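Chemist: Input file: protein_32.tsv. Contents: TSV, C-alpha atoms.
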```
chain	number	residue	atom	x	y	z
A	844	MET	CA	27.19	-10.82	8.70
A	845	ILE	CA	23.56	-9.54	8.91
A	846	ARG	CA	23.21	-6.68	11.40
A	847	LYS	CA	21.02	-3.66	12.04
A	848	ALA	CA	21.79	-0.65	9.87
A	849	GLU	CA	23.10	2.49	11.55
A	850	ALA	CA	23.09	6.05	10.29
A	851	ALA	CA	26.80	5.59	9.48
A	852	ASP	CA	25.78	2.94	6.90
A	853	PHE	CA	23.48	5.17	4.90
A	854	ASP	CA	26.15	6.34	2.44
A	855	ALA	CA	26.97	2.70	1.70
A	856	ILE	CA	23.30	1.71	1.39
A	857	TRP	CA	22.47	4.46	-1.08
A	858	PRO	CA	24.40	2.97	-4.09
A	859	LEU	CA	22.39	-0.26	-3.72
A	860	LEU	CA	19.11	1.66	-3.67
A	861	HIS	CA	20.26	3.96	-6.46
A	862	ASP	CA	21.04	1.10	-8.86
A	863	VAL	CA	17.71	-0.64	-8.33
A	864	PHE	CA	15.46	2.43	-8.21
A	865	ARG	CA	17.12	4.11	-11.22
A	866	ALA	CA	16.62	0.95	-13.29
A	867	GLY	CA	12.89	1.27	-12.56
A	868	ASP	CA	12.12	-2.35	-13.35
A	869	THR	CA	11.41	-3.93	-9.96
A	870	TYR	CA	10.29	-1.42	-7.30
A	871	ALA	CA	7.32	0.95	-7.57
A	872	VAL	CA	9.55	3.91	-6.78
A	873	ASP	CA	10.14	7.03	-8.85
A	874	PRO	CA	13.42	6.31	-10.74
A	875	ALA	CA	14.41	9.94	-10.12
A	876	ILE	CA	13.98	9.67	-6.34
A	877	SER	CA	16.54	11.69	-4.35
A	878	LYS	CA	19.10	10.10	-2.04
A	879	GLU	CA	17.33	11.62	0.97
A	880	ASP	CA	13.89	10.33	-0.03
A	881	ALA	CA	15.26	6.90	-1.00
A	882	LEU	CA	16.99	6.50	2.36
A	883	ARG	CA	13.83	7.62	4.16
A	884	TYR	CA	11.80	5.06	2.14
A	885	TRP	CA	14.28	2.28	2.94
A	886	THR	CA	15.41	3.03	6.49
A	887	GLY	CA	12.36	4.88	7.86
A	888	GLY	CA	10.34	1.78	8.79
A	889	VAL	CA	10.44	-0.40	11.88
A	890	ALA	CA	13.86	-1.93	11.16
A	891	CYS	CA	16.58	-1.89	8.52
A	892	TYR	CA	19.36	-4.46	8.24
A	893	VAL	CA	22.54	-4.69	6.19
A	894	VAL	CA	24.63	-7.64	5.07
A	895	GLU	CA	28.34	-6.99	5.36
A	896	ASP	CA	31.44	-8.89	4.32
A	897	ALA	CA	35.05	-7.94	3.55
A	898	ARG	CA	33.81	-5.99	0.49
A	899	GLY	CA	31.52	-3.81	2.59
A	900	ILE	CA	27.72	-3.70	2.50
A	901	ILE	CA	26.47	-6.19	-0.08
A	902	GLY	CA	22.79	-6.38	0.83
A	903	THR	CA	20.06	-4.62	2.77
A	904	TYR	CA	16.46	-5.14	3.77
A	905	TYR	CA	13.75	-3.29	5.66
A	906	ILE	CA	10.73	-4.24	7.76
A	907	LYS	CA	7.70	-1.95	7.84
A	908	THR	CA	4.20	-2.26	9.26
A	909	ASN	CA	2.12	-2.86	6.14
A	910	GLN	CA	-1.14	-1.25	7.27
A	911	ALA	CA	-2.03	0.85	10.31
A	912	GLY	CA	-4.83	0.25	12.82
A	913	GLY	CA	-6.44	-3.18	12.49
A	914	GLY	CA	-3.93	-4.18	9.81
A	915	ALA	CA	-0.81	-3.55	11.90
A	916	HIS	CA	-0.11	-7.24	12.62
A	917	ILE	CA	1.20	-7.78	9.06
A	918	CYS	CA	4.61	-6.49	8.03
A	919	ASN	CA	6.10	-5.69	4.66
A	920	CYS	CA	9.75	-6.15	3.65
A	921	GLY	CA	11.99	-5.18	0.77
A	922	TYR	CA	15.37	-6.65	-0.16
A	923	ILE	CA	18.26	-5.49	-2.34
A	924	VAL	CA	21.45	-7.42	-3.15
A	925	ALA	CA	24.47	-5.58	-4.56
A	926	PRO	CA	25.24	-6.55	-8.18
A	927	ALA	CA	28.59	-8.14	-7.21
A	928	ALA	CA	26.89	-10.38	-4.64
A	929	ARG	CA	24.02	-11.74	-6.71
A	930	GLY	CA	23.48	-15.42	-7.42
A	931	GLN	CA	24.82	-16.51	-4.03
A	932	GLY	CA	21.58	-17.03	-2.13
A	933	LEU	CA	21.77	-13.73	-0.28
A	934	ALA	CA	18.14	-12.72	-0.94
A	935	ALA	CA	16.97	-16.03	0.53
A	936	LYS	CA	19.21	-15.55	3.57
A	937	MET	CA	17.88	-12.03	4.11
A	938	CYS	CA	14.28	-13.18	3.73
A	939	VAL	CA	14.68	-15.97	6.30
A	940	HIS	CA	16.43	-13.49	8.63
A	941	SER	CA	13.62	-10.96	8.14
A	942	GLN	CA	10.95	-13.55	8.99
A	943	ASN	CA	12.69	-14.26	12.30
A	944	ALA	CA	13.14	-10.54	12.98
A	945	ALA	CA	9.46	-9.95	12.16
A	946	ARG	CA	8.36	-12.76	14.48
A	947	ALA	CA	10.49	-11.23	17.26
A	948	LEU	CA	8.70	-7.92	16.63
A	949	GLY	CA	5.35	-9.67	17.07
A	950	TYR	CA	4.13	-9.67	13.48
A	951	LEU	CA	1.78	-12.52	12.57
A	952	ALA	CA	2.35	-12.44	8.80
A	953	MET	CA	4.53	-10.93	6.10
A	954	GLN	CA	3.17	-9.46	2.88
A	955	PHE	CA	4.79	-8.30	-0.35
A	956	ASN	CA	2.42	-5.84	-2.01
A	957	PHE	CA	3.97	-5.54	-5.42
A	958	VAL	CA	6.06	-8.41	-6.81
A	959	LEU	CA	6.32	-7.97	-10.57
A	960	ALA	CA	5.41	-10.98	-12.69
A	961	SER	CA	8.46	-10.07	-14.81
A	962	ASN	CA	10.71	-10.59	-11.77
A	963	THR	CA	10.54	-14.36	-12.17
A	964	GLY	CA	13.54	-15.07	-9.95
A	965	ALA	CA	11.92	-13.25	-7.03
A	966	VAL	CA	8.54	-14.92	-7.59
A	967	GLN	CA	10.15	-18.38	-7.58
A	968	LEU	CA	12.24	-17.56	-4.52
A	969	TRP	CA	9.32	-16.28	-2.47
A	970	HIS	CA	7.28	-19.36	-3.38
A	971	ARG	CA	10.19	-21.58	-2.35
A	972	LEU	CA	10.34	-19.74	0.99
A	973	GLY	CA	6.67	-20.44	1.69
A	974	PHE	CA	4.92	-17.35	0.35
A	975	THR	CA	1.57	-17.74	-1.39
A	976	THR	CA	0.35	-15.52	-4.20
A	977	VAL	CA	-2.89	-14.08	-2.80
A	978	GLY	CA	-3.54	-11.47	-5.48
A	979	THR	CA	-2.73	-10.51	-9.06
A	980	ILE	CA	-3.08	-6.89	-10.11
A	981	PRO	CA	-3.42	-6.76	-13.90
A	982	ASP	CA	-1.05	-4.47	-15.82
A	983	ALA	CA	0.05	-2.96	-12.52
A	984	PHE	CA	3.50	-1.79	-13.63
A	985	ALA	CA	4.86	0.00	-16.68
A	986	HIS	CA	8.06	-1.99	-17.17
A	987	PRO	CA	10.70	-0.04	-19.14
A	988	ALA	CA	11.41	-3.00	-21.48
A	989	GLN	CA	8.33	-5.24	-21.28
A	990	GLY	CA	5.45	-2.77	-21.18
A	991	PHE	CA	2.64	-3.33	-18.69
A	992	VAL	CA	3.23	-6.34	-16.46
A	993	ASP	CA	1.12	-7.82	-13.65
A	994	ALA	CA	2.07	-7.49	-9.99
A	995	TYR	CA	1.47	-10.16	-7.37
A	996	VAL	CA	0.47	-9.74	-3.74
A	997	MET	CA	2.34	-12.44	-1.80
A	998	HIS	CA	1.74	-13.48	1.79
A	999	LYS	CA	3.15	-15.81	4.43
A	1000	ARG	CA	1.89	-16.51	7.95
A	1001	LEU	CA	4.68	-16.24	10.54
A	1002	SER	CA	2.80	-18.05	13.29
A	1003	ASP	CA	1.08	-21.42	13.44
B	483	MET	CA	-23.37	18.95	-5.14
B	484	ILE	CA	-19.96	17.24	-5.50
B	485	ARG	CA	-17.10	19.74	-5.59
B	486	LYS	CA	-13.40	19.94	-4.79
B	487	ALA	CA	-12.57	20.31	-1.12
B	488	GLU	CA	-10.92	23.52	0.03
B	489	ALA	CA	-8.94	24.20	3.19
B	490	ALA	CA	-12.03	25.95	4.57
B	491	ASP	CA	-13.85	22.58	4.45
B	492	PHE	CA	-11.36	20.70	6.63
B	493	ASP	CA	-13.16	21.40	9.92
B	494	ALA	CA	-16.36	19.99	8.40
B	495	ILE	CA	-14.56	16.96	6.91
B	496	TRP	CA	-12.91	16.00	10.20
B	497	PRO	CA	-16.09	14.78	11.98
B	498	LEU	CA	-16.74	12.35	9.10
B	499	LEU	CA	-13.18	11.00	9.31
B	500	HIS	CA	-13.27	10.96	13.10
B	501	ASP	CA	-16.40	8.79	13.26
B	502	VAL	CA	-15.09	6.22	10.81
B	503	PHE	CA	-11.49	6.06	11.98
B	504	ARG	CA	-12.38	5.95	15.69
B	505	ALA	CA	-14.74	3.03	15.04
B	506	GLY	CA	-11.73	1.17	13.64
B	507	ASP	CA	-13.84	-1.32	11.71
B	508	THR	CA	-13.40	-0.32	8.05
B	509	TYR	CA	-10.19	1.63	7.39
B	510	ALA	CA	-6.64	0.49	8.18
B	511	VAL	CA	-5.99	3.68	10.13
B	512	ASP	CA	-4.95	4.04	13.78
B	513	PRO	CA	-8.24	4.72	15.63
B	514	ALA	CA	-6.35	7.25	17.77
B	515	ILE	CA	-5.13	9.24	14.74
B	516	SER	CA	-4.98	13.00	15.33
B	517	LYS	CA	-7.11	15.48	13.42
B	518	GLU	CA	-4.00	16.82	11.69
B	519	ASP	CA	-2.77	13.40	10.58
B	520	ALA	CA	-6.27	12.30	9.54
B	521	LEU	CA	-6.74	15.38	7.37
B	522	ARG	CA	-3.30	14.89	5.85
B	523	TYR	CA	-4.17	11.24	5.11
B	524	TRP	CA	-7.49	12.21	3.52
B	525	THR	CA	-6.74	15.49	1.76
B	526	GLY	CA	-3.01	15.11	1.03
B	527	GLY	CA	-3.41	13.08	-2.17
B	528	VAL	CA	-4.00	14.19	-5.74
B	529	ALA	CA	-7.56	15.37	-5.18
B	530	CYS	CA	-10.20	15.51	-2.45
B	531	TYR	CA	-13.91	16.12	-3.05
B	532	VAL	CA	-16.84	16.86	-0.78
B	533	VAL	CA	-20.58	16.31	-1.22
B	534	GLU	CA	-22.62	19.20	0.08
B	535	ASP	CA	-26.32	19.83	0.55
B	536	ALA	CA	-28.41	22.10	2.78
B	537	ARG	CA	-27.17	20.15	5.82
B	538	GLY	CA	-23.52	20.86	5.02
B	539	ILE	CA	-20.86	18.36	4.01
B	540	ILE	CA	-22.40	14.89	3.96
B	541	GLY	CA	-19.71	12.96	2.10
B	542	THR	CA	-16.10	13.10	1.01
B	543	TYR	CA	-13.66	11.13	-1.11
B	544	TYR	CA	-10.00	11.29	-2.10
B	545	ILE	CA	-7.93	10.21	-5.10
B	546	LYS	CA	-4.29	9.21	-4.61
B	547	THR	CA	-1.68	7.66	-6.86
B	548	ASN	CA	-1.55	4.08	-5.59
B	549	GLN	CA	2.10	3.30	-6.37
B	550	ALA	CA	5.00	5.48	-7.49
B	551	GLY	CA	7.26	4.96	-10.51
B	552	GLY	CA	6.02	2.29	-12.91
B	553	GLY	CA	2.84	1.86	-10.86
B	554	ALA	CA	1.70	5.48	-11.05
B	555	HIS	CA	-1.00	4.87	-13.68
B	556	ILE	CA	-3.31	3.29	-11.07
B	557	CYS	CA	-5.12	5.43	-8.51
B	558	ASN	CA	-6.61	4.63	-5.14
B	559	CYS	CA	-9.73	6.20	-3.63
B	560	GLY	CA	-11.47	6.28	-0.28
B	561	TYR	CA	-15.06	7.33	0.46
B	562	ILE	CA	-16.93	8.33	3.60
B	563	VAL	CA	-20.64	9.13	3.92
B	564	ALA	CA	-21.93	11.00	6.99
B	565	PRO	CA	-24.15	8.83	9.21
B	566	ALA	CA	-27.22	11.01	8.51
B	567	ALA	CA	-26.79	10.57	4.74
B	568	ARG	CA	-26.30	6.81	4.53
B	569	GLY	CA	-28.57	4.51	2.57
B	570	GLN	CA	-29.23	7.07	-0.16
B	571	GLY	CA	-26.78	5.92	-2.81
B	572	LEU	CA	-24.18	8.56	-2.02
B	573	ALA	CA	-21.21	6.18	-1.98
B	574	ALA	CA	-22.15	4.96	-5.46
B	575	LYS	CA	-22.49	8.55	-6.70
B	576	MET	CA	-19.09	9.46	-5.26
B	577	CYS	CA	-17.48	6.36	-6.76
B	578	VAL	CA	-18.83	7.10	-10.25
B	579	HIS	CA	-17.72	10.73	-9.85
B	580	SER	CA	-14.26	9.60	-8.74
B	581	GLN	CA	-13.89	7.31	-11.76
B	582	ASN	CA	-14.58	10.24	-14.08
B	583	ALA	CA	-12.22	12.49	-12.11
B	584	ALA	CA	-9.53	9.80	-12.23
B	585	ARG	CA	-9.96	9.37	-16.00
B	586	ALA	CA	-9.59	13.14	-16.41
B	587	LEU	CA	-6.36	12.93	-14.40
B	588	GLY	CA	-5.06	10.28	-16.80
B	589	TYR	CA	-5.29	7.21	-14.58
B	590	LEU	CA	-5.81	3.92	-16.39
B	591	ALA	CA	-7.26	1.97	-13.48
B	592	MET	CA	-8.56	2.33	-9.92
B	593	GLN	CA	-7.60	0.01	-7.08
B	594	PHE	CA	-8.91	-0.48	-3.56
B	595	ASN	CA	-6.13	-2.06	-1.51
B	596	PHE	CA	-8.00	-3.05	1.60
B	597	VAL	CA	-11.74	-3.73	1.40
B	598	LEU	CA	-12.73	-5.73	4.46
B	599	ALA	CA	-14.71	-8.90	3.82
B	600	SER	CA	-16.84	-7.86	6.83
B	601	ASN	CA	-17.84	-4.68	4.98
B	602	THR	CA	-20.33	-6.58	2.83
B	603	GLY	CA	-22.21	-3.49	1.68
B	604	ALA	CA	-19.03	-1.99	0.24
B	605	VAL	CA	-17.98	-5.26	-1.40
B	606	GLN	CA	-21.38	-5.60	-3.12
B	607	LEU	CA	-21.38	-1.96	-4.18
B	608	TRP	CA	-17.90	-2.07	-5.71
B	609	HIS	CA	-18.81	-5.26	-7.60
B	610	ARG	CA	-21.99	-3.62	-8.88
B	611	LEU	CA	-19.91	-0.66	-10.07
B	612	GLY	CA	-17.61	-2.92	-12.10
B	613	PHE	CA	-14.76	-3.66	-9.71
B	614	THR	CA	-13.21	-7.12	-9.68
B	615	THR	CA	-11.73	-8.80	-6.60
B	616	VAL	CA	-8.13	-9.46	-7.69
B	617	GLY	CA	-6.75	-10.50	-4.31
B	618	THR	CA	-7.73	-11.81	-0.88
B	619	ILE	CA	-5.40	-11.20	2.05
B	620	PRO	CA	-6.20	-13.76	4.75
B	621	ASP	CA	-6.88	-12.47	8.28
B	622	ALA	CA	-5.67	-9.04	7.17
B	623	PHE	CA	-7.59	-6.98	9.71
B	624	ALA	CA	-8.26	-7.27	13.44
B	625	HIS	CA	-11.92	-6.28	13.50
B	626	PRO	CA	-13.02	-4.96	16.91
B	627	ALA	CA	-16.16	-7.17	16.95
B	628	GLN	CA	-15.46	-10.00	14.48
B	629	GLY	CA	-11.81	-10.83	15.13
B	630	PHE	CA	-9.51	-11.36	12.14
B	631	VAL	CA	-11.25	-10.81	8.82
B	632	ASP	CA	-9.94	-11.04	5.26
B	633	ALA	CA	-9.31	-7.98	3.09
B	634	TYR	CA	-9.88	-7.83	-0.64
B	635	VAL	CA	-7.86	-6.04	-3.29
B	636	MET	CA	-10.36	-4.70	-5.83
B	637	HIS	CA	-9.59	-3.27	-9.26
B	638	LYS	CA	-11.32	-1.64	-12.20
B	639	ARG	CA	-9.90	-0.54	-15.54
B	640	LEU	CA	-10.87	3.03	-16.42
B	641	SER	CA	-9.95	2.76	-20.09
B	642	ASP	CA	-10.94	0.30	-22.82
```
Would you mind writing the file out in structure tokens?
Modeler:
Amino acid sequence: MIRKAEAADFDAIWPLLHDVFRAGDTYAVDPAISKEDALRYWTGGVACYVVEDARGIIGTYYIKTNQAGGGAHICNCGYIVAPAARGQGLAAKMCVHSQNAARALGYLAMQFNFVLASNTGAVQLWHRLGFTTVGTIPDAFAHPAQGFVDAYVMHKRLSD
Amino acid sequence: MIRKAEAADFDAIWPLLHDVFRAGDTYAVDPAISKEDALRYWTGGVACYVVEDARGIIGTYYIKTNQAGGGAHICNCGYIVAPAARGQGLAAKMCVHSQNAARALGYLAMQFNFVLASNTGAVQLWHRLGFTTVGTIPDAFAHPAQGFVDAYVMHKRLSD
């Protein structure tokens, strides 16, 4: 059900990215980003996975190296669930899968650089999955409905 | 003394970048980065400045937009002082200059994403210049001499 994305999946991944980026209320991405740039942003990292069922691709996540040089032992991930597949625990499943994939790649920790305080479901989920809030950037994001909201830096060690 | 960098300055900027990146103990940049990639990293943002005196270019800094989309009102900067010009307050001068330049560009805040705890001089300087530590990423950087060290996220509002 969760497998590595291939180039043949890109046309099915794009609608998921498009919905979330155009809304402009969760990711720090230009809402007007092109399909090409969005796919490069999402699939151009170290690994990209998709979640597939009878309906097609219903979720996707990426793994990137968060910083170069001496910071390259920490990865960053992003997750998107298709609207029709929300509320079924898919983000949690992808996050657990991504932690195992990141461990297999040799990463020692996972970091989310920009979790919006307004995205309360995500904040709660990441806490439940063992992430710690290690930073709070004040008024980091101009939310289209809520004005300036804080963003959290969240972190989890992948090794003991 | 502080002016915008031009393409003709790039050959004089490169030795400053080379020294710092090759040392691999302050910036999260691959120590083996090429001249071309290093110059793109340093000069490819919104603005790049150099500090010049009779000796030539003795310092340089950049301004970038730190996050896209709803995060684009916060900038990021990086500063390098030539070895021969250290200990003379040049980093502070560049930082104050960059805050004014960033205000003129419309940024509402400045953020440093990755200030190493081992870089105590920088941490003290940024605090003295009004930056607040808003995050601490544990063991964020594999320091060549000190092993894993924490990195701070530091932030300063540029408007009232």
Chemist: Name all residues at most 12 Å from Ala583 in chain B (count all atoms listed in the file; drop same-chain ones fewer than 5 positions away) and give them as a list in words.
Modeler: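 Within the cut-off, the hits are Ile484, Arg485, Lys486, Val528, Ala529, Cys530, Tyr531, Tyr543, Tyr544, Ile545, Lys546, Cys557, Asn558, Cys559, Met576, Cys577, Val578, Gly588, Tyr589, Leu590, Ala591, Met592 and Leu640 of chain B.
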Chemist: Based on all atoms listed in the file, which of the residues in chain B come within 9 Å of chain A? I want them as a ChimeraX atom specification.
Modeler: /B:503,506-514,549-556,591,593,615-626,630,634-637
Chemist: State, in Å with one decimal place, the distance from CA of Phe974 in chain A to CA of Ala934 in chain A.
Modeler: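 So the answer is 14.1 Å.
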Chemist: In Å, how far is it from CA of Leu572 in chain B to CA of Val533 in chain B?
Modeler: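 Value for the CA of Leu572 in chain B-CA of Val533 in chain B distance: 8.6 Å.
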Chemist: Tell me, in Å to one decimal, how far CA of Arg610 in chain B is from CA of Ala574 in chain B.
Modeler: 9.2 Å
Chemist: Counting all atoms listed in the file, which of B:Pro497, B:Ala566, B:Ala627, B:Gly560 gets nearest to Trp608 in chain B?
Modeler: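 Smallest distance to Trp608 in chain B is found for B:Gly560.
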